[in-house]
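Okay, upload_38.csv now, which holds CSV, C-alpha atoms:
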```csv
chain,number,residue,atom,x,y,z
A,1,MET,CA,280.0,-145.2,80.0
A,2,ARG,CA,282.6,-145.1,82.8
A,3,LYS,CA,282.7,-146.7,86.2
A,4,LEU,CA,279.9,-145.0,88.1
A,5,LEU,CA,282.1,-143.8,90.9
A,6,ASN,CA,285.8,-143.6,91.3
A,7,SER,CA,288.3,-143.3,94.1
A,8,SER,CA,288.2,-139.5,94.1
A,9,ILE,CA,285.4,-139.6,96.5
A,10,ILE,CA,287.6,-141.4,99.0
A,11,THR,CA,290.7,-139.3,98.2
A,12,ILE,CA,288.9,-136.1,99.2
A,13,LEU,CA,287.5,-137.8,102.4
A,14,THR,CA,291.1,-138.6,103.5
A,15,LEU,CA,291.5,-138.0,107.2
A,16,MET,CA,294.4,-135.8,108.3
A,17,LEU,CA,293.5,-136.2,112.0
A,18,PHE,CA,296.6,-134.7,113.4
A,19,SER,CA,297.0,-131.6,111.4
A,20,LYS,CA,296.3,-129.7,114.6
A,21,ILE,CA,297.6,-131.6,117.6
A,22,ALA,CA,297.3,-129.6,120.7
A,23,SER,CA,295.8,-126.3,119.7
A,24,ALA,CA,295.0,-124.2,116.7
A,25,GLU,CA,298.7,-123.6,115.8
A,26,TYR,CA,299.8,-125.7,112.8
A,27,TYR,CA,303.3,-126.2,114.2
A,28,SER,CA,302.2,-127.6,117.6
A,29,THR,CA,303.5,-131.0,118.7
A,30,LEU,CA,302.7,-133.1,121.8
A,31,PRO,CA,305.0,-132.8,124.9
A,32,LYS,CA,307.3,-135.7,125.4
A,33,GLY,CA,305.4,-138.7,126.8
A,34,VAL,CA,301.9,-137.3,126.2
A,35,ARG,CA,299.4,-139.4,124.3
A,36,ASN,CA,296.5,-138.2,122.1
A,37,PHE,CA,293.5,-140.2,121.1
A,38,VAL,CA,291.3,-138.7,118.3
A,39,PHE,CA,287.9,-139.8,117.1
A,40,LYS,CA,286.2,-138.1,114.2
A,41,TYR,CA,282.9,-138.6,112.6
A,42,ILE,CA,282.4,-137.4,109.0
A,43,GLY,CA,278.9,-137.2,107.4
A,44,MET,CA,278.0,-136.1,103.9
A,45,ASP,CA,274.8,-135.0,102.2
A,46,SER,CA,273.6,-137.4,99.5
A,47,VAL,CA,275.8,-137.4,96.4
A,48,ASN,CA,273.7,-137.1,93.2
A,49,SER,CA,275.8,-135.1,90.9
A,50,SER,CA,279.4,-134.9,89.7
A,51,TYR,CA,281.8,-132.4,88.1
A,52,GLY,CA,283.1,-133.4,84.6
A,53,PRO,CA,286.5,-132.9,82.9
A,54,SER,CA,285.8,-129.3,82.2
A,55,GLY,CA,284.2,-128.5,85.6
A,56,ASN,CA,280.6,-128.8,84.3
A,57,GLU,CA,278.1,-130.3,86.8
A,58,PHE,CA,275.9,-133.2,85.7
A,59,GLN,CA,273.2,-135.2,87.4
A,60,TYR,CA,273.3,-138.6,85.7
A,61,LEU,CA,276.1,-140.9,86.7
A,62,ILE,CA,275.6,-143.1,83.6
A,63,HIS,CA,274.2,-142.6,80.1
A,64,GLN,CA,274.3,-145.3,77.5
A,65,ASN,CA,272.9,-145.9,74.0
A,66,LEU,CA,272.2,-149.6,73.3
A,67,ASN,CA,273.6,-149.6,69.8
A,68,ALA,CA,274.6,-152.4,67.3
A,69,LYS,CA,278.2,-152.6,68.5
A,70,ILE,CA,277.0,-153.3,72.1
A,71,LEU,CA,274.2,-155.7,71.2
A,72,GLU,CA,275.7,-157.8,68.3
A,73,ASP,CA,277.2,-160.4,70.6
A,74,ILE,CA,274.2,-160.8,73.0
A,75,SER,CA,272.9,-163.9,71.2
A,76,SER,CA,273.4,-166.1,68.1
A,77,PHE,CA,270.5,-164.3,66.4
A,78,SER,CA,271.8,-160.8,67.1
A,79,LYS,CA,275.2,-161.9,65.7
A,80,VAL,CA,273.7,-163.0,62.4
A,81,TYR,CA,271.3,-160.0,62.3
A,82,PHE,CA,274.0,-157.3,62.9
A,83,ASP,CA,276.6,-159.0,60.7
A,84,GLU,CA,274.2,-158.9,57.8
A,85,LEU,CA,273.1,-155.4,58.6
A,86,LYS,CA,276.6,-154.2,58.5
A,87,ARG,CA,277.2,-155.9,55.1
A,88,ILE,CA,274.0,-154.5,53.5
A,89,ALA,CA,274.2,-151.0,54.8
A,90,PRO,CA,277.0,-149.8,57.1
A,91,GLU,CA,275.1,-146.6,57.8
A,92,ALA,CA,272.1,-148.6,59.1
A,93,TYR,CA,274.4,-150.5,61.4
A,94,ASP,CA,276.0,-147.3,62.7
A,95,SER,CA,272.6,-145.7,63.4
A,96,PHE,CA,270.8,-148.7,64.9
A,97,SER,CA,269.6,-148.2,68.5
A,98,PHE,CA,267.3,-150.1,70.9
A,99,GLY,CA,267.1,-147.0,73.0
A,100,GLU,CA,269.1,-144.8,75.4
A,101,TYR,CA,269.3,-145.5,79.2
A,102,SER,CA,270.4,-143.3,82.0
A,103,GLY,CA,271.2,-144.1,85.6
A,104,ASN,CA,270.0,-141.7,88.3
A,105,GLY,CA,272.0,-142.4,91.4
A,106,GLN,CA,272.3,-141.5,95.1
A,107,VAL,CA,275.4,-142.1,97.2
A,108,ASP,CA,275.5,-142.0,101.0
A,109,ILE,CA,278.7,-142.2,103.0
A,110,ASN,CA,279.8,-141.7,106.6
A,111,VAL,CA,283.2,-142.2,108.0
A,112,LYS,CA,284.5,-142.7,111.5
A,113,GLY,CA,288.2,-141.9,111.9
A,114,TYR,CA,290.4,-143.3,114.7
A,115,GLY,CA,293.9,-142.0,115.5
A,116,PHE,CA,296.5,-142.2,118.2
A,117,ALA,CA,299.6,-140.0,118.6
A,118,TYR,CA,302.5,-140.0,121.0
A,119,GLY,CA,305.1,-137.3,121.9
A,120,LEU,CA,308.5,-138.9,121.3
A,121,THR,CA,310.2,-135.7,122.2
A,122,LYS,CA,308.9,-132.1,122.7
A,123,ASN,CA,309.5,-131.5,119.0
A,124,ILE,CA,308.6,-134.9,117.5
A,125,THR,CA,305.1,-136.6,117.5
A,126,ALA,CA,304.4,-139.9,115.9
A,127,TYR,CA,300.9,-141.0,115.0
A,128,VAL,CA,298.7,-143.6,113.3
A,129,SER,CA,295.2,-143.1,111.9
A,130,VAL,CA,292.7,-145.2,110.1
A,131,PRO,CA,289.1,-144.4,108.8
A,132,HIS,CA,286.2,-146.8,108.9
A,133,PHE,CA,283.6,-146.4,106.1
A,134,THR,CA,279.9,-147.1,105.8
A,135,ALA,CA,278.6,-146.6,102.3
A,136,SER,CA,275.6,-147.2,100.2
A,137,VAL,CA,274.8,-146.6,96.5
A,138,ASN,CA,271.3,-146.8,94.9
A,139,MET,CA,271.0,-146.6,91.1
A,140,ASN,CA,267.7,-146.2,89.2
A,141,ILE,CA,268.0,-147.1,85.5
A,142,ILE,CA,265.5,-145.3,83.3
A,143,ARG,CA,264.9,-145.3,79.6
A,144,THR,CA,265.3,-141.8,78.1
A,145,LYS,CA,264.9,-142.5,74.4
A,146,GLY,CA,263.1,-145.2,72.4
A,147,ASN,CA,264.3,-147.4,69.5
A,148,ASN,CA,264.8,-146.1,65.9
A,149,HIS,CA,263.8,-149.3,64.0
A,150,GLN,CA,261.7,-147.3,61.5
A,151,GLU,CA,264.7,-145.1,60.6
A,152,VAL,CA,266.9,-148.2,60.1
A,153,SER,CA,264.2,-149.9,58.1
A,154,SER,CA,264.0,-146.8,55.8
A,155,ILE,CA,267.7,-146.9,55.2
A,156,LEU,CA,267.5,-150.6,54.3
A,157,ASN,CA,264.6,-149.9,51.9
A,158,GLN,CA,266.8,-147.7,49.9
A,159,HIS,CA,269.2,-150.6,49.4
A,160,GLY,CA,266.3,-153.1,48.8
A,161,VAL,CA,265.6,-152.0,45.2
A,162,ASN,CA,268.3,-154.3,43.9
A,163,ASP,CA,268.9,-156.5,47.0
A,164,ASP,CA,266.2,-158.9,48.2
A,165,THR,CA,268.1,-159.5,51.4
A,166,ALA,CA,267.9,-155.8,52.2
A,167,SER,CA,264.2,-155.9,51.7
A,168,LEU,CA,263.9,-158.9,54.0
A,169,TRP,CA,266.1,-157.2,56.7
A,170,SER,CA,264.0,-154.1,56.4
A,171,GLN,CA,260.9,-156.1,57.2
A,172,LEU,CA,262.7,-158.0,60.0
A,173,THR,CA,263.8,-154.7,61.5
A,174,ASN,CA,260.2,-153.4,61.6
A,175,GLU,CA,259.1,-156.5,63.4
A,176,LEU,CA,261.8,-156.4,66.1
A,177,PRO,CA,260.1,-156.2,69.5
A,178,ASP,CA,260.8,-153.1,71.6
A,179,ALA,CA,263.3,-153.3,74.4
A,180,SER,CA,261.9,-154.5,77.7
A,181,GLY,CA,262.8,-152.7,80.9
A,182,GLY,CA,265.3,-155.4,81.7
A,183,LEU,CA,267.3,-155.3,78.5
A,184,PHE,CA,269.9,-153.0,79.9
A,185,GLN,CA,270.4,-155.1,83.0
A,186,SER,CA,270.5,-158.2,80.8
A,187,VAL,CA,273.4,-156.7,78.8
A,188,ILE,CA,275.3,-155.7,81.9
A,189,VAL,CA,274.8,-159.1,83.7
A,190,ASN,CA,274.6,-161.8,81.0
A,191,LEU,CA,276.7,-160.3,78.3
A,192,LEU,CA,279.3,-158.3,80.2
A,193,GLY,CA,279.5,-160.3,83.4
A,194,TYR,CA,278.9,-157.6,86.0
A,195,GLN,CA,276.7,-157.8,89.0
A,196,PRO,CA,273.2,-156.1,88.5
A,197,ILE,CA,273.1,-152.4,88.8
A,198,GLY,CA,271.0,-151.3,91.8
A,199,ALA,CA,271.7,-151.1,95.5
A,200,TRP,CA,275.2,-151.6,96.9
A,201,ASN,CA,276.2,-151.4,100.6
A,202,ALA,CA,279.5,-152.0,102.3
A,203,THR,CA,281.4,-151.2,105.5
A,204,GLY,CA,285.1,-151.6,106.2
A,205,PHE,CA,288.4,-149.9,107.2
A,206,GLY,CA,290.2,-147.6,104.8
A,207,ASP,CA,294.0,-147.2,104.3
A,208,THR,CA,296.2,-146.6,107.4
A,209,ASP,CA,298.5,-143.6,107.8
A,210,LEU,CA,301.7,-143.9,109.8
A,211,ALA,CA,303.6,-140.6,110.2
A,212,ALA,CA,305.6,-138.3,112.3
A,213,ILE,CA,305.4,-134.5,112.9
A,214,PHE,CA,308.7,-132.6,113.3
A,215,ARG,CA,308.6,-129.1,114.8
A,216,LEU,CA,311.4,-127.1,113.3
A,217,THR,CA,311.2,-124.0,115.5
A,218,ASP,CA,310.9,-123.1,119.2
A,219,ILE,CA,309.6,-119.5,118.8
A,220,ARG,CA,306.6,-118.8,121.0
A,221,ASP,CA,304.3,-117.1,118.6
A,222,MET,CA,305.3,-118.5,115.2
A,223,GLY,CA,306.7,-121.8,113.9
A,224,MET,CA,307.2,-124.3,111.2
A,225,ALA,CA,306.7,-128.1,111.1
A,226,ILE,CA,307.1,-130.9,108.6
A,227,THR,CA,305.1,-134.2,108.5
A,228,SER,CA,306.4,-137.3,106.7
A,229,GLY,CA,304.8,-140.7,106.5
A,230,ILE,CA,303.4,-143.6,104.5
A,231,THR,CA,299.9,-144.9,103.7
A,232,ILE,CA,299.4,-148.6,104.0
A,233,PRO,CA,296.8,-150.2,101.7
A,234,THR,CA,294.5,-151.7,104.4
A,235,GLY,CA,291.2,-150.7,102.8
A,236,ARG,CA,289.0,-152.6,100.3
A,237,ILE,CA,289.7,-151.8,96.7
A,238,ASP,CA,287.3,-151.2,93.9
A,239,ASP,CA,285.7,-154.5,92.6
A,240,PRO,CA,285.9,-154.7,88.7
A,241,ASP,CA,282.7,-156.7,88.7
A,242,ILE,CA,280.5,-154.1,90.4
A,243,LEU,CA,279.7,-150.9,88.5
A,244,GLN,CA,278.3,-148.9,91.4
A,245,ASP,CA,280.9,-149.6,94.1
A,246,PHE,CA,284.0,-147.8,95.1
A,247,GLY,CA,287.0,-148.7,97.1
A,248,PHE,CA,287.8,-147.6,100.6
A,249,GLY,CA,291.5,-147.5,99.6
A,250,ASP,CA,293.6,-147.3,96.5
A,251,GLY,CA,295.3,-150.7,96.9
A,252,GLN,CA,298.9,-149.5,96.9
A,253,PHE,CA,301.4,-147.8,99.2
A,254,ASP,CA,301.7,-144.0,99.3
A,255,VAL,CA,304.5,-141.8,100.6
A,256,PHE,CA,303.8,-138.2,101.7
A,257,SER,CA,305.5,-135.2,103.1
A,258,GLU,CA,304.0,-131.9,104.3
A,259,ILE,CA,305.4,-128.6,105.4
A,260,GLY,CA,303.5,-125.8,107.1
A,261,ALA,CA,303.9,-122.7,109.1
A,262,GLY,CA,301.9,-120.6,111.5
A,263,LEU,CA,301.8,-117.2,113.1
A,264,SER,CA,299.9,-115.9,116.1
A,265,LEU,CA,299.0,-112.3,116.4
A,266,PHE,CA,297.7,-109.9,119.2
A,267,ASN,CA,298.7,-112.2,122.0
A,268,ARG,CA,297.3,-115.3,120.3
A,269,VAL,CA,293.9,-113.9,119.5
A,270,ILE,CA,294.4,-114.6,115.8
A,271,ASP,CA,296.3,-117.6,114.3
A,272,LEU,CA,297.3,-117.7,110.6
A,273,ASP,CA,298.3,-121.2,109.4
A,274,SER,CA,299.1,-122.7,106.0
A,275,SER,CA,300.3,-126.1,104.8
A,276,LEU,CA,301.4,-127.9,101.6
A,277,ARG,CA,301.4,-131.7,101.3
A,278,TYR,CA,302.7,-133.8,98.4
A,279,THR,CA,301.8,-137.4,98.1
A,280,VAL,CA,303.5,-139.9,95.8
A,281,GLN,CA,301.3,-142.9,94.9
A,282,LEU,CA,303.4,-145.9,94.3
A,283,PRO,CA,302.6,-148.1,91.3
A,284,SER,CA,301.0,-151.5,91.6
A,285,ASN,CA,299.4,-154.3,89.6
A,286,LYS,CA,295.6,-154.2,89.4
A,287,LEU,CA,293.0,-156.5,87.7
A,288,LEU,CA,290.8,-154.1,85.7
A,289,ARG,CA,288.2,-154.3,83.0
A,290,VAL,CA,289.6,-153.7,79.5
A,291,PRO,CA,287.7,-150.8,77.9
A,292,ASP,CA,286.7,-151.1,74.2
A,293,SER,CA,286.2,-147.3,73.6
A,294,GLU,CA,286.0,-144.0,75.3
A,295,ASP,CA,282.2,-143.9,75.1
A,296,PHE,CA,281.7,-147.5,76.4
A,297,THR,CA,284.4,-148.2,78.9
A,298,ILE,CA,282.8,-151.2,80.5
A,299,SER,CA,283.7,-154.6,79.0
A,300,ALA,CA,283.5,-158.3,79.4
A,301,ASP,CA,287.2,-158.7,79.5
A,302,LYS,CA,289.6,-158.3,82.4
A,303,GLN,CA,293.3,-157.9,82.4
A,304,SER,CA,296.2,-157.1,84.8
A,305,PHE,CA,297.4,-153.5,84.4
A,306,TYR,CA,300.5,-151.8,85.9
A,307,GLU,CA,298.7,-148.8,87.4
A,308,LYS,CA,300.4,-145.6,88.5
A,309,LEU,CA,297.8,-143.3,90.2
A,310,GLY,CA,298.6,-139.6,90.0
A,311,ASN,CA,300.5,-137.9,92.7
A,312,LYS,CA,298.5,-135.6,95.0
A,313,LEU,CA,299.0,-132.0,96.1
A,314,ASP,CA,297.0,-130.6,99.1
A,315,PHE,CA,297.2,-126.9,100.1
A,316,SER,CA,295.4,-125.1,102.9
A,317,ILE,CA,295.1,-121.6,104.4
A,318,ARG,CA,293.4,-121.2,107.8
A,319,THR,CA,292.5,-118.2,109.9
A,320,THR,CA,291.5,-118.9,113.5
A,321,LEU,CA,290.0,-116.5,116.1
A,322,HIS,CA,290.3,-117.1,119.9
A,323,PRO,CA,287.8,-115.0,121.7
A,324,THR,CA,288.5,-116.9,124.9
A,325,ASP,CA,291.0,-119.5,126.2
A,326,TRP,CA,288.6,-122.3,125.6
A,327,ILE,CA,286.7,-121.5,122.4
A,328,SER,CA,288.0,-120.8,118.8
A,329,ALA,CA,286.4,-120.4,115.4
A,330,TYR,CA,288.1,-120.7,112.0
A,331,GLY,CA,287.7,-120.4,108.3
A,332,GLU,CA,289.8,-122.4,105.9
A,333,PHE,CA,290.5,-122.7,102.1
A,334,LEU,CA,291.4,-126.2,100.9
A,335,TYR,CA,292.8,-127.1,97.5
A,336,ASN,CA,293.4,-130.7,96.2
A,337,HIS,CA,294.9,-131.8,92.9
A,338,ILE,CA,295.6,-135.3,91.7
A,339,ASP,CA,297.7,-135.8,88.5
A,340,GLN,CA,296.4,-138.0,85.7
A,341,ALA,CA,297.0,-141.8,86.3
A,342,SER,CA,298.9,-143.9,83.8
A,343,TYR,CA,298.5,-147.6,82.8
A,344,ASP,CA,300.8,-150.1,81.3
A,345,SER,CA,299.8,-153.3,79.6
A,346,SER,CA,300.0,-155.0,76.2
A,347,ASN,CA,296.8,-153.2,75.2
A,348,LYS,CA,297.9,-149.6,74.4
A,349,GLU,CA,294.4,-148.4,73.5
A,350,ALA,CA,293.0,-149.6,76.9
A,351,ASN,CA,296.0,-147.9,78.7
A,352,ARG,CA,295.0,-144.6,77.1
A,353,ILE,CA,291.3,-144.9,77.8
A,354,LEU,CA,291.7,-145.9,81.4
A,355,ALA,CA,293.7,-142.8,82.0
A,356,ILE,CA,291.0,-140.5,80.7
A,357,GLY,CA,289.2,-138.6,83.5
A,358,THR,CA,291.6,-139.5,86.2
A,359,GLU,CA,293.0,-136.0,86.8
A,360,ILE,CA,291.1,-134.6,89.8
A,361,GLU,CA,290.8,-131.2,91.3
A,362,THR,CA,288.7,-129.9,94.2
A,363,VAL,CA,288.3,-126.5,95.9
A,364,PHE,CA,286.6,-126.4,99.3
A,365,LEU,CA,285.7,-123.7,101.8
A,366,LYS,CA,285.5,-124.8,105.4
A,367,VAL,CA,284.3,-123.3,108.7
A,368,GLY,CA,284.5,-124.7,112.1
A,369,ALA,CA,284.6,-124.2,115.9
A,370,GLU,CA,286.5,-125.9,118.7
A,371,LEU,CA,285.9,-126.1,122.4
A,372,SER,CA,289.2,-127.0,124.2
A,373,THR,CA,290.2,-127.4,127.8
A,374,VAL,CA,293.9,-127.7,126.9
A,375,ASN,CA,294.9,-124.1,127.8
A,376,LEU,CA,292.7,-124.3,131.0
A,377,TYR,CA,294.4,-127.6,131.9
A,378,ASN,CA,297.9,-126.1,131.4
A,379,SER,CA,296.9,-123.2,133.7
A,380,GLY,CA,295.6,-125.6,136.3
A,381,THR,CA,291.9,-124.6,135.9
A,382,MET,CA,290.6,-127.9,134.4
A,383,THR,CA,291.6,-131.4,135.3
A,384,VAL,CA,291.0,-133.1,131.9
A,385,PRO,CA,292.6,-131.9,128.7
A,386,LEU,CA,290.3,-132.5,125.8
A,387,ALA,CA,288.7,-130.8,122.8
A,388,PHE,CA,285.5,-130.9,120.8
A,389,GLU,CA,285.4,-129.7,117.2
A,390,LEU,CA,282.5,-129.1,114.7
A,391,SER,CA,283.1,-128.2,111.1
A,392,ALA,CA,281.4,-128.1,107.7
A,393,GLN,CA,283.0,-127.8,104.2
A,394,THR,CA,281.4,-127.3,100.8
A,395,MET,CA,282.9,-127.9,97.4
A,396,MET,CA,283.1,-124.7,95.4
A,397,ARG,CA,284.7,-126.1,92.2
A,398,GLY,CA,285.7,-129.6,91.0
A,399,GLN,CA,287.0,-131.6,88.1
A,400,ASN,CA,286.2,-135.4,87.6
A,401,THR,CA,284.8,-135.7,91.1
A,402,PRO,CA,281.5,-136.1,92.8
A,403,LYS,CA,280.0,-132.9,94.4
A,404,TYR,CA,279.2,-133.0,98.0
A,405,THR,CA,279.1,-131.1,101.3
A,406,ARG,CA,280.9,-132.6,104.3
A,407,TYR,CA,280.3,-132.3,108.1
A,408,ASP,CA,282.8,-133.3,110.8
A,409,ILE,CA,282.5,-133.9,114.5
A,410,GLY,CA,285.7,-134.6,116.4
A,411,VAL,CA,286.9,-135.4,119.9
A,412,LYS,CA,290.5,-135.2,121.1
A,413,LEU,CA,291.6,-136.6,124.4
A,414,TYR,CA,295.1,-136.1,125.9
A,415,PHE,CA,296.5,-138.3,128.6
```

Show this structure as structure tokens.
Amino acid sequence: MRKLLNSSIITILTLMLFSKIASAEYYSTLPKGVRNFVFKYIGMDSVNSSYGPSGNEFQYLIHQNLNAKILEDISSFSKVYFDELKRIAPEAYDSFSFGEYSGNGQVDINVKGYGFAYGLTKNITAYVSVPHFTASVNMNIIRTKGNNHQEVSSILNQHGVNDDTASLWSQLTNELPDASGGLFQSVIVNLLGYQPIGAWNATGFGDTDLAAIFRLTDIRDMGMAITSGITIPTGRIDDPDILQDFGFGDGQFDVFSEIGAGLSLFNRVIDLDSSLRYTVQLPSNKLLRVPDSEDFTISADKQSFYEKLGNKLDFSIRTTLHPTDWISAYGEFLYNHIDQASYDSSNKEANRILAIGTEIETVFLKVGAELSTVNLYNSGTMTVPLAFELSAQTMMRGQNTPKYTRYDIGVKLYF
């Protein structure tokens, strides 16, 4: 069982507030001395499924068999019982189960993004942006399979012909009580030291972007621009003692650079834009749980790891239609890929296990519309330059990531 949620859900909610500054053209920058304030609200449908390593979709966020390896240290009695069970019949030890449990979860997130940009020159715009998260996770633990005490007892009976202890252990196994509904929570809290699985709620700011956009061309109907910046770890990080939480930031600095180009056709009736961003996530030291196996990655032990999260690649293609000077509609293809993370510590097996499932891929289709008074303001028709944007995007394919649909409402004010 892995951590219920991971940072991928925050990665794919990352706000690039200033990808379009003044109009639909990718390469647009603010005029010198002009300021731009951006507010964006992001809502999501409830997250109740995820994509696995091979792109398969599954509903349960956790699934765990309470076997002998997990339960043997829960008490002095269990230690004696399972040690003797392993000595008498290793196959009985390997097959023992108190039952299987699954966690059916629901995740609700909304994000408010705040940004401010300033035109340093007509070709250079600097900006800062930060998101604010409100999140809740509700987990419902259900038992999906009962114990197999009779099966284990039968195995012990086969050894009991010449072993009185085996006969005694067979009888003892038959008399073991069935697991109560709280056994799984007891293992999680009392044995492994986590907080109880159930409801989790949190609010807080995410990581902050500081960047600048450089326009490379002055051609009227086409252009190129590059964006470079850093991400500052101002957001809360994942708590190793809470299974159902997730961080609002990654806990380390990032460095990113993006290049894009745009072309306007038919007297700016149609815009074609595309961009490519590459982000290097810098390594940092993190206090993490030490996994014992691939199948049961939660553990009672914590250790400091030198973590290098995978670098990120973001690619987009957008087509925008301008039926009038003040309204536009667009469709966009979005692709995101995050390389596998790496971990370094004295525990090589834990390093390997922690890296499993950290390679992330998402493919989105997005549609949106914008009402803007910028062109009308430039022509002297309107007195206030601002823009309103509505958009929706749905995930078409994913790997190691929650599945969701996202809705954005944005306001841009120029002054």

Quiz item: Just how far from CA of Ser154 (chain A) is CA of Ser293 (chain A), in Å to one decimal?
Solution: 28.5 Å

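Minimum atom-to-atom distance to Val107 (chain A), evaluated using only C-alpha atoms, belongs to A:Gly43 out of A:Gly43, A:Gly206, A:Pro233, A:Gly380.
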
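Nearest to Gln244 (chain A) of all the residues A:Ala202, A:Ala89, A:Leu321, A:Ala68 is A:Ala202, based on all atoms listed in the file.
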
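Between Gly55 (chain A) and the residues A:Ala369, A:Leu390, A:Thr362, A:Gln106, the shortest atom-to-atom distance, using all atoms listed in the file, involves A:Thr362.
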
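The environment of Val363 (chain A) within 7 Å, counting only C-alpha atoms and disregarding residues fewer than 2 places along the same chain, consists of Leu334, Tyr335, Asn336, Met395, Met396, Arg397 and Gly398 of chain A.
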
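For the pair CA of Leu282 (chain A) and CA of Gly113 (chain A), the separation is 23.6 Å.
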
Exercise. For region 265-267 of chain A, list every protein, DNA or RNA residue within 12 Å, evaluated using all atoms listed in the file, and leave out those in the same chain fewer than 5 positions away; present the list as a ChimeraX atom specification.
Key: /A:25,220-222,272-273,319-325

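Closest approach to His132 (chain A) from the set A:Gly247, A:Gly33, A:Gly368, A:Gly262 is made by A:Gly247, with distances taken over all atoms listed in the file.
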
Quiz prompt | Pro31 (chain A) environment, 8 Å, only C-alpha atoms, sequence neighbours closer than 4 positions dropped, as JSON, numbers by chain | solution = {"A": [119, 120, 121, 122, 123]}

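All polymer residues at most 12 Å from (269.2, -142.7, 63.7), using only C-alpha atoms, appear as Asn65, Asn67, Ala68, Glu91, Ala92, Tyr93, Asp94, Ser95, Phe96, Ser97, Phe98, Gly99, Glu100, Lys145, Gly146, Asn147, Asn148, His149, Gln150, Glu151, Val152, Ser153, Ser154 and Ile155 of chain A.
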
Once you have the residues from the selection above, write them out as an mmCIF file, keeping the file's coordinate frame, restricted to C-alpha atoms.
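Saved file result_23.cif follows:
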```cif
data_model
loop_
_atom_site.group_PDB
_atom_site.id
_atom_site.type_symbol
_atom_site.label_atom_id
_atom_site.label_comp_id
_atom_site.auth_asym_id
_atom_site.auth_seq_id
_atom_site.Cartn_x
_atom_site.Cartn_y
_atom_site.Cartn_z
ATOM 1 C CA ASN A 65 272.900 -145.900 74.000
ATOM 2 C CA ASN A 67 273.600 -149.600 69.800
ATOM 3 C CA ALA A 68 274.600 -152.400 67.300
ATOM 4 C CA GLU A 91 275.100 -146.600 57.800
ATOM 5 C CA ALA A 92 272.100 -148.600 59.100
ATOM 6 C CA TYR A 93 274.400 -150.500 61.400
ATOM 7 C CA ASP A 94 276.000 -147.300 62.700
ATOM 8 C CA SER A 95 272.600 -145.700 63.400
ATOM 9 C CA PHE A 96 270.800 -148.700 64.900
ATOM 10 C CA SER A 97 269.600 -148.200 68.500
ATOM 11 C CA PHE A 98 267.300 -150.100 70.900
ATOM 12 C CA GLY A 99 267.100 -147.000 73.000
ATOM 13 C CA GLU A 100 269.100 -144.800 75.400
ATOM 14 C CA LYS A 145 264.900 -142.500 74.400
ATOM 15 C CA GLY A 146 263.100 -145.200 72.400
ATOM 16 C CA ASN A 147 264.300 -147.400 69.500
ATOM 17 C CA ASN A 148 264.800 -146.100 65.900
ATOM 18 C CA HIS A 149 263.800 -149.300 64.000
ATOM 19 C CA GLN A 150 261.700 -147.300 61.500
ATOM 20 C CA GLU A 151 264.700 -145.100 60.600
ATOM 21 C CA VAL A 152 266.900 -148.200 60.100
ATOM 22 C CA SER A 153 264.200 -149.900 58.100
ATOM 23 C CA SER A 154 264.000 -146.800 55.800
ATOM 24 C CA ILE A 155 267.700 -146.900 55.200
#
```

Fewer than 3 positions away in the same chain doesn't count, so skip those; otherwise give me all residues within 9 Å of Pro240 (chain A), counting only C-alpha atoms, as a PDB file with C-alpha atoms, in the coordinates of the input.
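As written to disk, selection.pdb reads:
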```
ATOM      1  CA  LYS A   3     282.700-146.700  86.200  1.00  0.00           C
ATOM      2  CA  TYR A 194     278.900-157.600  86.000  1.00  0.00           C
ATOM      3  CA  LEU A 243     279.700-150.900  88.500  1.00  0.00           C
ATOM      4  CA  ASP A 245     280.900-149.600  94.100  1.00  0.00           C
ATOM      5  CA  LEU A 287     293.000-156.500  87.700  1.00  0.00           C
ATOM      6  CA  LEU A 288     290.800-154.100  85.700  1.00  0.00           C
ATOM      7  CA  ARG A 289     288.200-154.300  83.000  1.00  0.00           C
ATOM      8  CA  LYS A 302     289.600-158.300  82.400  1.00  0.00           C
TER       9      LYS A 302
END
```

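Comparing A:Ile353, A:Val111, A:Ile88, A:Ala117 by their smallest distance to Tyr414 (chain A), the closest is A:Ala117 (using all atoms listed in the file).
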
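Using only C-alpha atoms, the shortest contact distance between Leu354 (chain A) and any of A:Ala261, A:Val290, A:Ile338, A:Ala329 is found at A:Val290.
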
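Pairwise distance (CA of Asn201 (chain A), CA of Lys286 (chain A)) equals 22.6 Å.
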
Using all atoms listed in the file, collect all residues at a distance of at most 10 Å from (284.3, -143.5, 110.0) as written in the file, then present them as a tab-separated table (two decimals) with C-alpha atoms, keeping the file's coordinate frame.
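The resulting file, point_24.tsv, is reproduced below:
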```
chain	number	residue	atom	x	y	z
A	15	LEU	CA	291.50	-138.00	107.20
A	39	PHE	CA	287.90	-139.80	117.10
A	40	LYS	CA	286.20	-138.10	114.20
A	41	TYR	CA	282.90	-138.60	112.60
A	42	ILE	CA	282.40	-137.40	109.00
A	43	GLY	CA	278.90	-137.20	107.40
A	109	ILE	CA	278.70	-142.20	103.00
A	110	ASN	CA	279.80	-141.70	106.60
A	111	VAL	CA	283.20	-142.20	108.00
A	112	LYS	CA	284.50	-142.70	111.50
A	113	GLY	CA	288.20	-141.90	111.90
A	114	TYR	CA	290.40	-143.30	114.70
A	130	VAL	CA	292.70	-145.20	110.10
A	131	PRO	CA	289.10	-144.40	108.80
A	132	HIS	CA	286.20	-146.80	108.90
A	133	PHE	CA	283.60	-146.40	106.10
A	134	THR	CA	279.90	-147.10	105.80
A	203	THR	CA	281.40	-151.20	105.50
A	204	GLY	CA	285.10	-151.60	106.20
A	205	PHE	CA	288.40	-149.90	107.20
A	206	GLY	CA	290.20	-147.60	104.80
```
